[in-house]
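Peer 1: Sharing data17.cif below, mmCIF, C-alpha atoms:
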data_work
#
loop_
_atom_site.group_PDB
_atom_site.id
_atom_site.type_symbol
_atom_site.label_atom_id
_atom_site.label_comp_id
_atom_site.auth_asym_id
_atom_site.auth_seq_id
_atom_site.Cartn_x
_atom_site.Cartn_y
_atom_site.Cartn_z
ATOM 1 C CA ILE A 895 -23.657 69.264 -2.634
ATOM 2 C CA GLN A 896 -23.069 65.563 -1.982
ATOM 3 C CA ALA A 897 -21.320 64.406 1.174
ATOM 4 C CA SER A 898 -21.180 60.973 2.837
ATOM 5 C CA GLY A 899 -23.462 59.565 0.173
ATOM 6 C CA GLU A 900 -26.235 62.116 0.811
ATOM 7 C CA SER A 901 -27.281 65.059 -1.352
ATOM 8 C CA TYR A 902 -28.186 68.514 -0.095
ATOM 9 C CA VAL A 903 -30.014 71.126 -2.111
ATOM 10 C CA GLY A 904 -30.271 74.762 -1.167
ATOM 11 C CA GLU A 905 -28.408 78.004 -0.865
ATOM 12 C CA PHE A 906 -25.088 78.137 0.876
ATOM 13 C CA GLN A 907 -23.256 81.252 1.969
ATOM 14 C CA ILE A 908 -19.532 81.260 1.293
ATOM 15 C CA PRO A 909 -17.877 83.775 3.583
ATOM 16 C CA ASP A 910 -15.327 86.272 2.334
ATOM 17 C CA THR A 911 -11.756 85.228 2.801
ATOM 18 C CA ASP A 912 -8.390 86.862 2.359
ATOM 19 C CA ALA A 913 -5.540 85.368 0.351
ATOM 20 C CA PRO A 914 -2.379 87.431 0.883
ATOM 21 C CA ILE A 915 -0.103 87.899 -2.096
ATOM 22 C CA GLN A 916 3.508 88.843 -1.607
ATOM 23 C CA VAL A 917 4.989 90.910 -4.422
ATOM 24 C CA VAL A 918 8.761 90.791 -4.742
ATOM 25 C CA ASP A 919 11.055 92.797 -6.953
ATOM 26 C CA GLY A 920 12.460 91.143 -10.054
ATOM 27 C CA ARG A 921 16.188 90.566 -10.329
ATOM 28 C CA PRO A 922 18.412 90.338 -13.426
ATOM 29 C CA GLY A 923 20.348 87.128 -14.047
ATOM 30 C CA ILE A 924 23.359 86.917 -16.363
ATOM 31 C CA ASP A 925 24.257 83.648 -18.067
ATOM 32 C CA VAL A 926 27.584 83.828 -19.941
ATOM 33 C CA ASN A 927 28.888 81.172 -22.298
ATOM 34 C CA LYS A 928 32.177 81.312 -24.199
ATOM 35 C CA SER A 929 33.068 78.784 -26.883
ATOM 36 C CA VAL A 930 35.539 78.241 -29.702
ATOM 37 C CA ALA A 931 33.707 78.827 -32.999
ATOM 38 C CA GLY A 932 35.869 76.642 -35.204
ATOM 39 C CA PRO A 933 39.071 74.613 -34.828
ATOM 40 C CA ALA A 934 40.365 74.614 -31.248
ATOM 41 C CA LEU A 935 43.804 73.312 -32.282
ATOM 42 C CA ILE A 936 45.859 76.121 -33.826
ATOM 43 C CA ALA A 937 49.510 76.753 -34.662
ATOM 44 C CA PRO A 938 51.445 79.993 -34.126
ATOM 45 C CA GLY A 939 50.245 82.650 -36.552
ATOM 46 C CA GLN A 940 46.810 81.065 -36.950
ATOM 47 C CA THR A 941 43.604 82.643 -35.660
ATOM 48 C CA ALA A 942 41.007 81.050 -33.399
ATOM 49 C CA LEU A 943 37.445 82.383 -33.409
ATOM 50 C CA PHE A 944 35.684 82.767 -30.076
ATOM 51 C CA GLU A 945 31.969 83.332 -29.506
ATOM 52 C CA LEU A 946 30.906 85.358 -26.455
ATOM 53 C CA ARG A 947 27.274 84.756 -25.508
ATOM 54 C CA VAL A 948 25.255 86.636 -22.863
ATOM 55 C CA GLU A 949 21.620 86.030 -21.882
ATOM 56 C CA ASN A 950 19.432 87.696 -19.273
ATOM 57 C CA THR A 951 17.823 84.698 -17.577
ATOM 58 C CA GLY A 952 16.509 86.689 -14.613
ATOM 59 C CA THR A 953 13.183 88.336 -13.839
ATOM 60 C CA ALA A 954 14.124 91.988 -14.431
ATOM 61 C CA ALA A 955 16.006 94.003 -17.042
ATOM 62 C CA LEU A 956 19.709 94.634 -16.522
ATOM 63 C CA ASN A 957 20.816 98.222 -16.997
ATOM 64 C CA ASP A 958 24.026 99.096 -18.863
ATOM 65 C CA LEU A 959 25.380 95.714 -19.891
ATOM 66 C CA ILE A 960 29.167 95.490 -20.215
ATOM 67 C CA VAL A 961 30.936 92.527 -21.828
ATOM 68 C CA SER A 962 34.678 92.076 -21.346
ATOM 69 C CA ASP A 963 37.438 89.784 -22.555
ATOM 70 C CA PRO A 964 40.946 89.979 -21.026
ATOM 71 C CA ILE A 965 43.549 88.581 -23.429
ATOM 72 C CA PRO A 966 45.965 86.077 -21.869
ATOM 73 C CA ASP A 967 49.645 85.647 -22.644
ATOM 74 C CA GLY A 968 50.125 83.564 -25.765
ATOM 75 C CA LEU A 969 47.185 85.073 -27.630
ATOM 76 C CA ARG A 970 47.079 88.309 -29.589
ATOM 77 C CA PHE A 971 43.912 90.167 -30.577
ATOM 78 C CA ASP A 972 43.318 89.899 -34.324
ATOM 79 C CA ASP A 973 41.663 93.196 -35.248
ATOM 80 C CA ALA A 974 40.539 91.751 -38.582
ATOM 81 C CA GLY A 975 39.815 88.231 -37.349
ATOM 82 C CA ALA A 976 36.006 88.413 -37.396
ATOM 83 C CA GLY A 977 35.253 88.597 -41.097
ATOM 84 C CA GLY A 978 37.734 91.422 -41.625
ATOM 85 C CA GLN A 979 36.428 93.355 -38.607
ATOM 86 C CA PRO A 980 37.607 93.627 -34.968
ATOM 87 C CA TYR A 981 34.381 91.879 -33.909
ATOM 88 C CA GLN A 982 30.943 90.927 -35.181
ATOM 89 C CA ILE A 983 27.636 91.018 -33.337
ATOM 90 C CA VAL A 984 26.173 87.864 -34.847
ATOM 91 C CA GLU A 985 22.974 87.927 -32.755
ATOM 92 C CA PHE A 986 21.147 90.476 -30.632
ATOM 93 C CA ASP A 987 17.744 88.967 -29.923
ATOM 94 C CA VAL A 988 15.373 90.968 -27.707
ATOM 95 C CA PRO A 989 11.732 90.415 -26.684
ATOM 96 C CA SER A 990 9.056 91.597 -29.084
ATOM 97 C CA GLY A 991 8.182 95.258 -28.630
ATOM 98 C CA THR A 992 11.536 96.168 -27.064
ATOM 99 C CA SER A 993 14.741 97.603 -28.460
ATOM 100 C CA PRO A 994 18.291 96.405 -27.821
ATOM 101 C CA PRO A 995 20.445 98.650 -25.633
ATOM 102 C CA GLY A 996 23.113 100.729 -27.299
ATOM 103 C CA PRO A 997 24.723 102.002 -29.374
ATOM 104 C CA VAL A 998 27.687 99.860 -28.407
ATOM 105 C CA ASP A 999 30.901 101.494 -27.184
ATOM 106 C CA PHE A 1000 33.810 99.163 -28.031
ATOM 107 C CA THR A 1001 37.251 99.676 -26.437
ATOM 108 C CA ALA A 1002 40.508 97.794 -26.991
ATOM 109 C CA THR A 1003 42.798 98.627 -24.050
ATOM 110 C CA THR A 1004 46.555 98.415 -24.696
ATOM 111 C CA ASP A 1005 49.612 98.194 -22.457
ATOM 112 C CA ALA A 1006 52.784 100.302 -22.635
ATOM 113 C CA ASN A 1007 54.066 98.127 -25.498
ATOM 114 C CA GLY A 1008 50.937 98.559 -27.591
ATOM 115 C CA ARG A 1009 49.661 95.021 -26.969
ATOM 116 C CA VAL A 1010 45.870 94.767 -26.614
ATOM 117 C CA THR A 1011 45.166 93.361 -23.152
ATOM 118 C CA LEU A 1012 41.418 93.881 -22.689
ATOM 119 C CA LEU A 1013 38.363 94.151 -24.925
ATOM 120 C CA THR A 1014 35.160 95.751 -23.621
ATOM 121 C CA TRP A 1015 31.729 96.355 -25.134
ATOM 122 C CA GLU A 1016 29.369 98.704 -23.275
ATOM 123 C CA PHE A 1017 25.654 98.793 -24.091
ATOM 124 C CA PRO A 1018 23.865 101.717 -22.357
ATOM 125 C CA GLY A 1019 20.200 101.044 -21.710
ATOM 126 C CA ARG A 1020 18.049 98.058 -20.743
ATOM 127 C CA PHE A 1021 19.103 94.484 -21.469
ATOM 128 C CA GLU A 1022 15.636 92.981 -21.169
ATOM 129 C CA VAL A 1023 14.701 89.590 -19.715
ATOM 130 C CA GLY A 1024 15.205 86.901 -22.363
ATOM 131 C CA SER A 1025 17.596 89.021 -24.448
ATOM 132 C CA VAL A 1026 20.503 87.160 -26.062
ATOM 133 C CA LEU A 1027 23.733 88.740 -27.307
ATOM 134 C CA ARG A 1028 26.429 86.885 -29.289
ATOM 135 C CA ILE A 1029 29.774 88.466 -30.235
ATOM 136 C CA LEU A 1030 32.436 86.903 -32.464
ATOM 137 C CA ILE A 1031 36.147 87.790 -32.076
ATOM 138 C CA GLY A 1032 39.447 86.422 -33.379
ATOM 139 C CA MET A 1033 42.623 85.649 -31.416
ATOM 140 C CA ASN A 1034 45.970 84.938 -33.041
ATOM 141 C CA LEU A 1035 48.350 82.427 -31.460
ATOM 142 C CA GLU A 1036 51.718 84.053 -30.772
ATOM 143 C CA GLY A 1037 55.027 82.362 -31.505
ATOM 144 C CA GLY A 1038 57.079 80.628 -28.851
ATOM 145 C CA GLN A 1039 54.291 78.336 -27.653
ATOM 146 C CA THR A 1040 54.866 74.661 -26.866
ATOM 147 C CA ALA A 1041 52.812 72.189 -28.897
ATOM 148 C CA GLY A 1042 50.075 70.564 -26.844
ATOM 149 C CA ASP A 1043 49.724 73.414 -24.351
ATOM 150 C CA ALA A 1044 46.235 74.651 -23.459
ATOM 151 C CA ILE A 1045 45.534 78.386 -23.355
ATOM 152 C CA GLU A 1046 42.421 79.530 -21.517
ATOM 153 C CA ASN A 1047 40.624 82.692 -22.600
ATOM 154 C CA THR A 1048 37.869 83.874 -20.237
ATOM 155 C CA MET A 1049 35.009 86.273 -20.973
ATOM 156 C CA GLY A 1050 32.919 88.259 -18.519
ATOM 157 C CA ALA A 1051 29.670 90.190 -18.372
ATOM 158 C CA GLY A 1052 28.172 92.562 -15.850
ATOM 159 C CA SER A 1053 26.848 96.095 -15.574
ATOM 160 C CA SER A 1054 28.614 99.444 -15.584
ATOM 161 C CA SER A 1055 26.007 100.908 -13.201
ATOM 162 C CA THR A 1056 24.925 98.176 -10.730
ATOM 163 C CA ASP A 1057 25.991 94.959 -8.995
ATOM 164 C CA ASP A 1058 22.357 94.034 -8.320
ATOM 165 C CA PHE A 1059 22.195 90.886 -10.470
ATOM 166 C CA ASP A 1060 22.938 87.164 -10.244
ATOM 167 C CA CYS A 1061 25.407 84.996 -12.142
ATOM 168 C CA THR A 1062 23.321 82.071 -13.399
ATOM 169 C CA ASP A 1063 23.803 78.813 -15.349
ATOM 170 C CA VAL A 1064 24.074 75.199 -14.183
ATOM 171 C CA PRO A 1065 26.471 75.104 -12.432
ATOM 172 C CA PRO A 1066 26.523 78.876 -11.791
ATOM 173 C CA ASP A 1067 29.080 80.929 -13.690
ATOM 174 C CA SER A 1068 32.047 82.189 -11.705
ATOM 175 C CA GLU A 1069 31.808 85.619 -10.089
ATOM 176 C CA GLU A 1070 34.853 87.901 -10.244
ATOM 177 C CA SER A 1071 35.752 91.474 -9.283
ATOM 178 C CA GLY A 1072 38.847 93.614 -9.627
ATOM 179 C CA PRO A 1073 41.517 93.659 -12.352
ATOM 180 C CA PRO A 1074 41.639 92.599 -15.101
ATOM 181 C CA TRP A 1075 37.853 92.933 -15.039
ATOM 182 C CA PRO A 1076 35.962 96.247 -15.206
ATOM 183 C CA ALA A 1077 34.842 97.806 -11.921
ATOM 184 C CA GLY A 1078 32.096 95.945 -10.097
ATOM 185 C CA LYS A 1079 30.858 92.361 -10.276
ATOM 186 C CA THR A 1080 31.511 90.223 -13.348
ATOM 187 C CA CYS A 1081 30.100 86.816 -14.328
ATOM 188 C CA THR A 1082 32.763 84.788 -16.129
ATOM 189 C CA GLU A 1083 33.265 81.626 -18.179
ATOM 190 C CA PRO A 1084 36.377 80.340 -20.004
ATOM 191 C CA ALA A 1085 37.034 78.687 -23.351
ATOM 192 C CA GLU A 1086 40.203 76.862 -24.268
ATOM 193 C CA ILE A 1087 42.380 76.325 -27.337
ATOM 194 C CA THR A 1088 45.254 73.874 -27.746
ATOM 195 C CA THR A 1089 48.538 74.800 -29.420
ATOM 196 C CA ALA A 1090 49.943 72.910 -32.402
ATOM 197 C CA ALA A 1091 53.503 72.873 -33.676
ATOM 198 C CA GLY A 1092 54.479 75.652 -36.053
ATOM 199 C CA THR A 1093 56.389 78.885 -36.465
ATOM 200 C CA ALA A 1094 55.250 82.476 -36.818
ATOM 201 C CA PHE A 1095 56.806 85.837 -37.543
ATOM 202 C CA GLY A 1096 55.343 89.065 -36.258
ATOM 203 C CA ALA A 1097 56.143 92.613 -37.270
ATOM 204 C CA VAL A 1098 55.031 96.020 -36.033
ATOM 205 C CA LYS A 1099 55.281 99.241 -38.024
ATOM 206 C CA TRP A 1100 55.370 102.666 -36.437
ATOM 207 C CA VAL A 1101 56.346 106.241 -37.244
ATOM 208 C CA ALA A 1102 59.216 107.744 -35.219
ATOM 209 C CA GLY A 1103 59.378 111.451 -34.475
ATOM 210 C CA ASN A 1104 61.938 113.624 -36.284
ATOM 211 C CA SER A 1105 62.651 117.094 -34.848
ATOM 212 C CA GLY A 1106 63.978 118.224 -38.245
ATOM 213 C CA LEU A 1107 60.548 117.584 -39.713
ATOM 214 C CA GLY A 1108 58.735 119.319 -36.864
ATOM 215 C CA PHE A 1109 57.289 116.274 -35.124
#
Starting from the file, lay out its structure as structure tokens.
Peer 2:
Amino acid sequence: IQASGESYVGEFQIPDTDAPIQVVDGRPGIDVNKSVAGPALIAPGQTALFELRVENTGTAALNDLIVSDPIPDGLRFDDAGAGGQPYQIVEFDVPSGTSPPGPVDFTATTDANGRVTLLTWEFPGRFEVGSVLRILIGMNLEGGQTAGDAIENTMGAGSSSTDDFDCTDVPPDSEESGPPWPAGKTCTEPAEITTAAGTAFGAVKWVAGNSGLGF
């Protein structure tokens, strides 16, 4: 050992010492990002594609991920807008050695008039730290919109079994609860399309009951 310019040779006893370590529980963190996957300027009758992205940026797995998308006035869910399908899971990346949660339970909730008002995807199981989910959906612009108006469509993500997680991102995503969101805490982020001039015609077909035919 050398100190103050002098050297010392010999055996030195280093006493035992304690170094306390505090162990804390991990906590899931949900980062949601919604974007328009294509043209953001659409006319009535045209379809805009939206990408819903969820990542667990926390330090623990999130149980029972639920992704939701309430549909605002002016937009109509296009059940064939994602490559001919109601939706597409374009990415589900999970850490090596783990499996994605699921299988997915997709629900399109309708109102009394048959209009789809809420989309939900439930994934039972563990959404591990670092997992990334991306969902693609299509929304059709309804007629009667004024050119140049902006329509905001907001997505959310949370858990169907716990509120013990954080909404992350920089700045942090908004935190919502209550209708139109599923029960519990939901992390949310919007995306926006702009309306262009145009006209559209919509039609609905249904079967009416006929007592003479027994239904």
Peer 1: Contacts between region 950-973 of chain A and region 993-1012 of chain A, please, where a residue of region 993-1012 of chain A counts if it comes within 10 Å (with all atoms listed in the file); show its shortest atom pair and distance in Å to one decimal, rows by chain and ascending number, as a Markdown table.
Peer 2:
| residue | atom | partner | partner_atom | distance |
| --- | --- | --- | --- | --- |
| A:Pro995 | CA | A:Asp958 | CA | 7.7 |
| A:Gly996 | CA | A:Asp958 | CA | 8.6 |
| A:Val998 | CA | A:Ile960 | CA | 9.4 |
| A:Asp999 | CA | A:Ile960 | CA | 9.4 |
| A:Phe1000 | CA | A:Val961 | CA | 9.5 |
| A:Thr1001 | CA | A:Ser962 | CA | 9.5 |
| A:Ala1002 | CA | A:Phe971 | CA | 9.1 |
| A:Thr1003 | CA | A:Pro964 | CA | 9.3 |
| A:Arg1009 | CA | A:Arg970 | CA | 7.7 |
| A:Val1010 | CA | A:Phe971 | CA | 6.4 |
| A:Thr1011 | CA | A:Ile965 | CA | 5.1 |
| A:Leu1012 | CA | A:Pro964 | CA | 4.3 |
Peer 1: Please compute the CA of Gly1042 (chain A)-CA of Leu935 (chain A) distance, one decimal, in Å.
Peer 2: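 Separation between CA of Gly1042 (chain A) and CA of Leu935 (chain A): 8.7 Å.
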Peer 1: Give me the residues within 7 Å of Gly939 (chain A) as an MDAnalysis selection string, counting all atoms listed in the file and dropping any in the same chain fewer than 2 places off.
Peer 2: chainID A and resid 937 941 1034:1037 1094
Peer 1: Quick one: which residues end up in the PyMOL selection byres ((chain A and resi 1025) around 7) for this structure, as a list in words?
Peer 2: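 Selection result, ordered by chain and number: Glu949, Asn950, Asp987, Val988, Pro989, Phe1021, Glu1022, Val1023, Gly1024, Val1026 and Leu1027 of chain A.
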Peer 1: Run the PyMOL selection byres ((chain A and resi 1057) around 10) mentally over the shown coordinates, then write out the matched residues as a list in words, using the chain letters and numbers from the document.
Peer 2: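 Matching residues under the PyMOL selection byres ((chain A and resi 1057) around 10) are Pro922, Leu956, Gly1052, Ser1053, Ser1054, Ser1055, Thr1056, Asp1058, Phe1059, Asp1060, Ala1077, Gly1078, Lys1079 and Thr1080 of chain A.
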Peer 1: If I take CA of Ala974 (chain A) and CA of Gly1032 (chain A), how far is one from the other in Å, to one decimal?
Peer 2: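 Separation of CA of Ala974 (chain A) and CA of Gly1032 (chain A): 7.5 Å.
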Peer 1: Evaluate the PyMOL selection byres ((chain A and resi 929) around 12) here and jot the selected residues down as a VMD selection string.
Peer 2: chain A and resid 926 to 928 930 to 934 942 to 948 1028 to 1032 1046 to 1049 1083 to 1087
Peer 1: From the set A:Pro1066, A:Pro938, A:Glu985, A:Arg1020, which residue has the shortest atom-to-atom contact distance to Thr1089 (chain A), counting all atoms listed in the file?
Peer 2: A:Pro938
Peer 1: Let me know the centre plus edge lengths, in Å and rounded to one decimal, of a box with edges along x, y and z that contains all listed atoms of region 982-998 of chain A and is padded by 4 Å on every side, as AutoDock Vina command-line options.
Peer 2:
--center_x 19.6 --center_y 94.9 --center_z -30.4 --size_x 30.8 --size_y 22.1 --size_z 17.5
Peer 1: Which one of A:Cys1081, A:Ala1090, A:Phe1017, A:Ile908 sits closest to Phe986 (chain A) if you count only C-alpha atoms?
Peer 2: A:Phe1017
Peer 1: One number please: CA of Asp1005 (chain A) to CA of Ser1068 (chain A), in Å, one decimal.
Peer 2: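 Computed distance, CA of Asp1005 (chain A) to CA of Ser1068 (chain A), equals 26.1 Å.
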Peer 1: Find the residues around Asp1043 (chain A) up to 8 Å (only C-alpha atoms counted), leave out those fewer than 2 positions away in its own chain, and share them as an MDAnalysis selection string.
Peer 2: chainID A and resid 1039:1041 1045 1088:1089
Peer 1: From the set A:Gln907, A:Ala1044, A:Asp1063, A:Leu1013, which residue has the shortest atom-to-atom contact distance to Trp1075 (chain A), counting only C-alpha atoms?
Peer 2: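 Closest residue, counting only C-alpha atoms: A:Leu1013.
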